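Have a look at model04.tsv; it's TSV, C-alpha atoms:
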```
chain	number	residue	atom	x	y	z
A	1	MET	CA	0.00	0.00	0.00
A	2	HIS	CA	2.77	2.45	0.95
A	3	ARG	CA	4.62	1.73	-2.31
A	4	GLN	CA	1.46	2.36	-4.35
A	5	LYS	CA	0.97	5.73	-2.61
A	6	GLN	CA	4.63	6.56	-3.22
A	7	ASN	CA	4.25	5.78	-6.96
A	8	THR	CA	1.05	7.85	-7.10
A	9	ILE	CA	2.77	10.90	-5.60
A	10	GLY	CA	5.83	10.38	-7.82
A	11	TYR	CA	3.70	10.39	-10.97
A	12	TRP	CA	1.93	13.53	-9.74
A	13	TYR	CA	5.22	15.40	-9.24
A	14	SER	CA	6.41	14.21	-12.63
A	15	ALA	CA	3.12	15.32	-14.24
A	16	ASP	CA	3.41	18.77	-12.66
A	17	LEU	CA	6.92	19.18	-14.03
A	18	HIS	CA	5.78	18.15	-17.51
A	19	LEU	CA	2.89	20.60	-17.38
A	20	TYR	CA	5.23	23.31	-16.11
A	21	ASN	CA	7.44	22.60	-19.16
A	22	ASP	CA	4.44	22.82	-21.52
A	23	GLN	CA	4.34	19.06	-22.18
A	24	VAL	CA	0.59	18.72	-21.72
A	25	ASP	CA	0.08	15.24	-23.19
A	26	THR	CA	2.87	13.72	-21.12
A	27	ALA	CA	1.59	15.50	-18.02
A	28	PHE	CA	-1.91	14.10	-18.48
A	29	ASP	CA	-0.50	10.62	-19.06
A	30	HIS	CA	1.31	10.89	-15.71
A	31	TYR	CA	-1.78	12.25	-13.94
A	32	HIS	CA	-3.64	9.21	-15.24
A	33	LYS	CA	-0.87	6.91	-13.93
A	34	ALA	CA	-1.20	8.74	-10.61
A	35	SER	CA	-4.83	7.49	-10.43
A	36	VAL	CA	-6.65	10.67	-11.43
A	37	LYS	CA	-9.88	9.46	-13.01
A	38	THR	CA	-10.34	9.81	-16.76
A	39	GLU	CA	-13.49	11.94	-16.46
A	40	ASP	CA	-11.67	14.42	-14.22
A	41	LEU	CA	-8.69	14.54	-16.58
A	42	ASN	CA	-11.05	15.21	-19.48
A	43	GLN	CA	-12.56	18.12	-17.56
A	44	LEU	CA	-9.10	19.52	-16.80
A	45	ARG	CA	-7.99	19.14	-20.42
A	46	GLU	CA	-11.16	20.94	-21.53
A	47	LEU	CA	-10.29	23.79	-19.14
A	48	ILE	CA	-6.86	24.08	-20.77
A	49	ASN	CA	-8.56	24.33	-24.16
A	50	GLN	CA	-11.18	26.83	-22.92
A	51	PRO	CA	-9.55	28.79	-20.07
A	52	GLN	CA	-12.22	31.52	-20.13
A	53	ASP	CA	-15.13	29.10	-19.59
A	54	GLN	CA	-16.45	30.22	-16.18
A	55	VAL	CA	-18.87	27.27	-15.84
A	56	LEU	CA	-16.02	24.83	-16.39
A	57	LEU	CA	-13.80	26.79	-14.02
A	58	GLN	CA	-16.52	26.56	-11.34
A	59	ALA	CA	-16.94	22.81	-11.91
A	60	VAL	CA	-13.20	22.29	-11.47
A	61	THR	CA	-13.26	24.50	-8.37
A	62	ASP	CA	-16.10	22.46	-6.87
A	63	LEU	CA	-14.13	19.29	-7.54
A	64	TYR	CA	-11.08	20.85	-5.86
A	65	LEU	CA	-13.04	21.85	-2.77
A	66	ASP	CA	-14.71	18.46	-2.46
A	67	PRO	CA	-12.95	15.64	-4.33
A	68	SER	CA	-15.25	13.12	-2.65
A	69	GLY	CA	-17.96	14.43	-5.00
A	70	SER	CA	-16.11	12.48	-7.68
A	71	SER	CA	-15.93	9.25	-5.65
A	72	TYR	CA	-12.47	9.91	-4.22
A	73	SER	CA	-11.89	9.29	-0.55
A	74	LYS	CA	-11.13	12.67	1.04
A	75	ILE	CA	-7.94	11.37	2.64
A	76	SER	CA	-6.68	9.22	-0.23
A	77	ALA	CA	-3.50	9.80	-2.19
A	78	GLU	CA	-5.72	10.02	-5.27
A	79	SER	CA	-7.73	12.99	-3.91
A	80	PHE	CA	-4.46	14.63	-2.90
A	81	VAL	CA	-3.13	14.18	-6.44
A	82	LEU	CA	-6.40	15.39	-7.97
A	83	ASN	CA	-6.12	18.64	-6.01
A	84	GLY	CA	-2.53	19.00	-7.15
A	85	ALA	CA	-3.51	18.38	-10.77
A	86	ILE	CA	-6.29	20.95	-10.56
A	87	THR	CA	-3.94	23.50	-9.03
A	88	SER	CA	-1.32	22.87	-11.71
A	89	VAL	CA	-3.84	23.22	-14.53
A	90	LEU	CA	-5.16	26.47	-13.03
A	91	LEU	CA	-1.58	27.75	-12.83
A	92	TYR	CA	-0.95	26.61	-16.40
A	93	ILE	CA	-3.85	28.70	-17.69
A	94	GLY	CA	-2.69	31.71	-15.65
A	95	GLU	CA	-5.26	31.74	-12.84
A	96	VAL	CA	-2.76	32.80	-10.14
A	97	ASP	CA	-5.15	35.09	-8.22
A	98	PHE	CA	-7.84	32.43	-8.44
A	99	ILE	CA	-5.43	29.86	-6.92
A	100	ILE	CA	-4.46	32.22	-4.13
A	101	ASN	CA	-8.10	32.93	-3.25
A	102	LEU	CA	-9.01	29.26	-3.45
A	103	ASP	CA	-6.14	28.10	-1.26
A	104	ILE	CA	-6.46	30.86	1.32
A	105	ASN	CA	-10.21	30.21	1.65
A	106	ARG	CA	-9.57	26.48	1.90
A	107	PHE	CA	-6.93	27.07	4.56
A	108	LYS	CA	-9.29	29.22	6.59
A	109	SER	CA	-11.99	26.54	6.50
A	110	LYS	CA	-9.95	23.32	6.57
A	111	GLY	CA	-6.28	24.12	6.95
A	112	PHE	CA	-3.68	23.19	4.35
A	113	GLU	CA	-3.44	19.48	3.70
A	114	ASN	CA	-0.03	19.87	2.10
A	115	THR	CA	2.15	22.93	1.82
A	116	GLU	CA	4.98	21.25	-0.06
A	117	ARG	CA	3.46	22.15	-3.43
A	118	LEU	CA	3.83	25.86	-2.62
A	119	PHE	CA	7.55	25.46	-3.21
A	120	LEU	CA	7.46	23.37	-6.40
A	121	PRO	CA	8.67	24.99	-9.66
A	122	ALA	CA	5.12	25.28	-11.02
A	123	TYR	CA	4.17	27.49	-8.06
A	124	LYS	CA	6.71	30.19	-8.93
A	125	PRO	CA	4.00	32.57	-10.27
A	126	VAL	CA	2.18	32.21	-6.94
A	127	ARG	CA	5.34	32.84	-4.90
A	128	LYS	CA	6.07	35.96	-6.96
A	129	ASN	CA	2.56	37.32	-6.38
A	130	VAL	CA	2.43	39.93	-3.61
A	131	ARG	CA	-0.42	38.00	-1.95
A	132	PHE	CA	1.81	34.96	-1.37
A	133	ILE	CA	2.81	36.61	1.90
A	134	GLU	CA	-0.74	35.82	3.10
A	135	TYR	CA	0.05	32.12	2.64
A	136	LEU	CA	3.21	32.44	4.64
A	137	GLN	CA	1.54	34.39	7.42
A	138	LEU	CA	-1.36	31.93	7.69
A	139	LEU	CA	1.18	29.14	8.00
A	140	LYS	CA	3.21	31.21	10.48
A	141	LEU	CA	6.31	30.47	8.43
A	142	PRO	CA	7.89	33.95	8.77
A	143	ASP	CA	7.80	33.57	12.58
A	144	TYR	CA	9.32	30.11	12.32
A	145	TRP	CA	12.02	31.26	9.88
A	146	ASP	CA	12.85	34.25	12.09
A	147	LYS	CA	13.59	31.81	14.93
A	148	THR	CA	15.51	29.36	12.76
A	149	THR	CA	16.82	30.26	9.33
A	150	TRP	CA	15.25	31.62	6.15
A	151	PRO	CA	15.13	29.36	3.09
A	152	LYS	CA	17.01	30.30	-0.08
A	153	PHE	CA	13.78	31.03	-1.97
A	154	CYS	CA	12.43	33.64	0.49
A	155	LYS	CA	13.98	36.50	2.42
A	156	ARG	CA	12.80	39.21	4.73
A	157	THR	CA	13.57	42.76	3.67
A	158	GLU	CA	13.05	45.88	5.78
A	159	ALA	CA	9.63	46.47	4.23
A	160	SER	CA	8.36	43.01	3.34
A	161	ILE	CA	9.05	39.41	2.47
A	162	VAL	CA	10.24	38.49	-1.02
A	163	CYS	CA	10.00	34.97	-2.48
A	164	GLN	CA	11.09	33.45	-5.78
```

Could the structure of this file be written out as structure tokens, please?
Amino acid sequence: MHRQKQNTIGYWYSADLHLYNDQVDTAFDHYHKASVKTEDLNQLRELINQPQDQVLLQAVTDLYLDPSGSSYSKISAESFVLNGAITSVLLYIGEVDFIINLDINRFKSKGFENTERLFLPAYKPVRKNVRFIEYLQLLKLPDYWDKTTWPKFCKRTEASIVCQ
């Protein structure tokens, strides 16, 4: 079971990197190998093809907020990967503010399930957004980093926090 979860997460990370590098077909193949259901992948691919479709964007958002609505167990590796795939597709089509709002609202209602993705290459547009500081403050990371050491990708300046 642990090995299957490890493979699932590995395919997800690989898929995200492929999407980040504009290799959409390979990315979707890896999302499929990571156990994202075909019907959900079709919806995500449709969103890539029609990024301005607000109805489709809402359907994907609903799926993100409640993956169990698509027969995923809320705590499964598959639902975790589905959320990651949705986030990556939204980033791919340039919905940075949408992602920030979605994740901050989700954090306020449920807490972050995984913060690791915030520091993946695909999240660079989010980290460069001025509102990324809200993420860090909700997670209390600046306080933690002040007491320990700051990571290479973020630094505190006199006026603010800057991340790459």

Which residues, written as a PDB file with C-alpha atoms, keeping the file's coordinate frame, have at least one atom at most 8 Å from Ile99 (chain A), with only C-alpha atoms counted and residues fewer than 3 positions away on the same chain left out?
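Listing of selection-v1.pdb after writing:
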```
ATOM      1  CA  THR A  87      -3.940  23.500  -9.030  1.00  0.00           C
ATOM      2  CA  LEU A  90      -5.160  26.470 -13.030  1.00  0.00           C
ATOM      3  CA  LEU A  91      -1.580  27.750 -12.830  1.00  0.00           C
ATOM      4  CA  GLU A  95      -5.260  31.740 -12.840  1.00  0.00           C
ATOM      5  CA  VAL A  96      -2.760  32.800 -10.140  1.00  0.00           C
ATOM      6  CA  LEU A 102      -9.010  29.260  -3.450  1.00  0.00           C
ATOM      7  CA  ASP A 103      -6.140  28.100  -1.260  1.00  0.00           C
ATOM      8  CA  VAL A 126       2.180  32.210  -6.940  1.00  0.00           C
TER       9      VAL A 126
END
```

Expected answer as a compact mmCIF listing (two decimals) with C-alpha atoms, in the coordinates of the input: all residues with atoms within 10 Å of (-8.3, 23.1, -21.8), all atoms listed in the file:
```
# COMPACT_ATOMS: atom_id res chain seq x y z
CA VAL A 24 0.59 18.72 -21.72
CA ASN A 42 -11.05 15.21 -19.48
CA GLN A 43 -12.56 18.12 -17.56
CA LEU A 44 -9.10 19.52 -16.80
CA ARG A 45 -7.99 19.14 -20.42
CA GLU A 46 -11.16 20.94 -21.53
CA LEU A 47 -10.29 23.79 -19.14
CA ILE A 48 -6.86 24.08 -20.77
CA ASN A 49 -8.56 24.33 -24.16
CA GLN A 50 -11.18 26.83 -22.92
CA PRO A 51 -9.55 28.79 -20.07
CA GLN A 52 -12.22 31.52 -20.13
CA ASP A 53 -15.13 29.10 -19.59
CA LEU A 56 -16.02 24.83 -16.39
CA VAL A 89 -3.84 23.22 -14.53
CA LEU A 90 -5.16 26.47 -13.03
CA TYR A 92 -0.95 26.61 -16.40
CA ILE A 93 -3.85 28.70 -17.69
```

If you measure from CA of Ser88 (chain A) to CA of Asn101 (chain A), what distance in Å do you get, rounded to one decimal?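 Value for the CA of Ser88 (chain A)-CA of Asn101 (chain A) distance: 14.8 Å.
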
Smallest atom-to-atom distance to Asp29 (chain A): which of A:Asn83, A:Gln164, A:Ser14, A:Thr149, using all atoms listed in the file?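 Selected residue with least distance to Asp29 (chain A): A:Ser14.
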
Distance in Å - CA of Pro151 (chain A) versus CA of Arg127 (chain A):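 Atom-to-atom, CA of Pro151 (chain A) and CA of Arg127 (chain A) are spaced 13.1 Å apart.
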
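Closest approach to Gln58 (chain A) from the set A:Tyr31, A:Phe98, A:Gly10, A:Lys37 is made by A:Phe98, with distances taken over all atoms listed in the file.
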
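Separating CA of Asp143 (chain A) from CA of Gly84 (chain A) is a distance of 26.6 Å.
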
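Between Ile9 (chain A) and the residues A:Arg131, A:Lys155, A:Arg106, A:Arg117, the shortest atom-to-atom distance, using all atoms listed in the file, involves A:Arg117.
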
Residues near Phe132 (chain A), cut-off 10 Å, all atoms listed in the file, skip fewer than 6 positions along chain, as a list in words: Asp97, Ile100, Ile104, Leu118, Pro125, Val126, Ile161, Val162 and Cys163 of chain A

Dump as a PDB file, in the frame of the given file, selection limited to C-alpha atoms:
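Result went into out23.pdb, see below:
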```
ATOM      1  CA  ASP A  97      -5.150  35.090  -8.220  1.00  0.00           C
ATOM      2  CA  ILE A 100      -4.460  32.220  -4.130  1.00  0.00           C
ATOM      3  CA  ILE A 104      -6.460  30.860   1.320  1.00  0.00           C
ATOM      4  CA  LEU A 118       3.830  25.860  -2.620  1.00  0.00           C
ATOM      5  CA  PRO A 125       4.000  32.570 -10.270  1.00  0.00           C
ATOM      6  CA  VAL A 126       2.180  32.210  -6.940  1.00  0.00           C
ATOM      7  CA  ILE A 161       9.050  39.410   2.470  1.00  0.00           C
ATOM      8  CA  VAL A 162      10.240  38.490  -1.020  1.00  0.00           C
ATOM      9  CA  CYS A 163      10.000  34.970  -2.480  1.00  0.00           C
TER      10      CYS A 163
END
```

Residue nearest Tyr20 (chain A) - candidates A:Val36, A:Leu41, A:Leu120, A:Val55, atoms counted: all atoms listed in the file: A:Leu120

Counting only C-alpha atoms, which residues have an atom no more than 10 Å from (-0.4, 11.5, -19.1) in the file's coordinates? Please list them as a PyMOL selection string. chain A and resi 11-12+14-15+18-19+23-34+36+41

Using the selection just defined, write its residues with C-alpha atoms as a PDB file, in the coordinates of the input.
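Now in result.pdb:
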```
ATOM      1  CA  TYR A  11       3.700  10.390 -10.970  1.00  0.00           C
ATOM      2  CA  TRP A  12       1.930  13.530  -9.740  1.00  0.00           C
ATOM      3  CA  SER A  14       6.410  14.210 -12.630  1.00  0.00           C
ATOM      4  CA  ALA A  15       3.120  15.320 -14.240  1.00  0.00           C
ATOM      5  CA  HIS A  18       5.780  18.150 -17.510  1.00  0.00           C
ATOM      6  CA  LEU A  19       2.890  20.600 -17.380  1.00  0.00           C
ATOM      7  CA  GLN A  23       4.340  19.060 -22.180  1.00  0.00           C
ATOM      8  CA  VAL A  24       0.590  18.720 -21.720  1.00  0.00           C
ATOM      9  CA  ASP A  25       0.080  15.240 -23.190  1.00  0.00           C
ATOM     10  CA  THR A  26       2.870  13.720 -21.120  1.00  0.00           C
ATOM     11  CA  ALA A  27       1.590  15.500 -18.020  1.00  0.00           C
ATOM     12  CA  PHE A  28      -1.910  14.100 -18.480  1.00  0.00           C
ATOM     13  CA  ASP A  29      -0.500  10.620 -19.060  1.00  0.00           C
ATOM     14  CA  HIS A  30       1.310  10.890 -15.710  1.00  0.00           C
ATOM     15  CA  TYR A  31      -1.780  12.250 -13.940  1.00  0.00           C
ATOM     16  CA  HIS A  32      -3.640   9.210 -15.240  1.00  0.00           C
ATOM     17  CA  LYS A  33      -0.870   6.910 -13.930  1.00  0.00           C
ATOM     18  CA  ALA A  34      -1.200   8.740 -10.610  1.00  0.00           C
ATOM     19  CA  VAL A  36      -6.650  10.670 -11.430  1.00  0.00           C
ATOM     20  CA  LEU A  41      -8.690  14.540 -16.580  1.00  0.00           C
TER      21      LEU A  41
END
```

Calculated over only C-alpha atoms, which of the candidates A:Ala122, A:Val60, A:Leu138, A:Ala85 has the smallest distance to Asp22 (chain A)?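 Ranking A:Ala122, A:Val60, A:Leu138, A:Ala85 by distance to Asp22 (chain A), first place goes to A:Ala122.
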
With all atoms listed in the file as the atoms that count, which of A:Trp145, A:Ser160, A:Asp16, A:Phe107 lies nearest to Ile86 (chain A)? A:Asp16
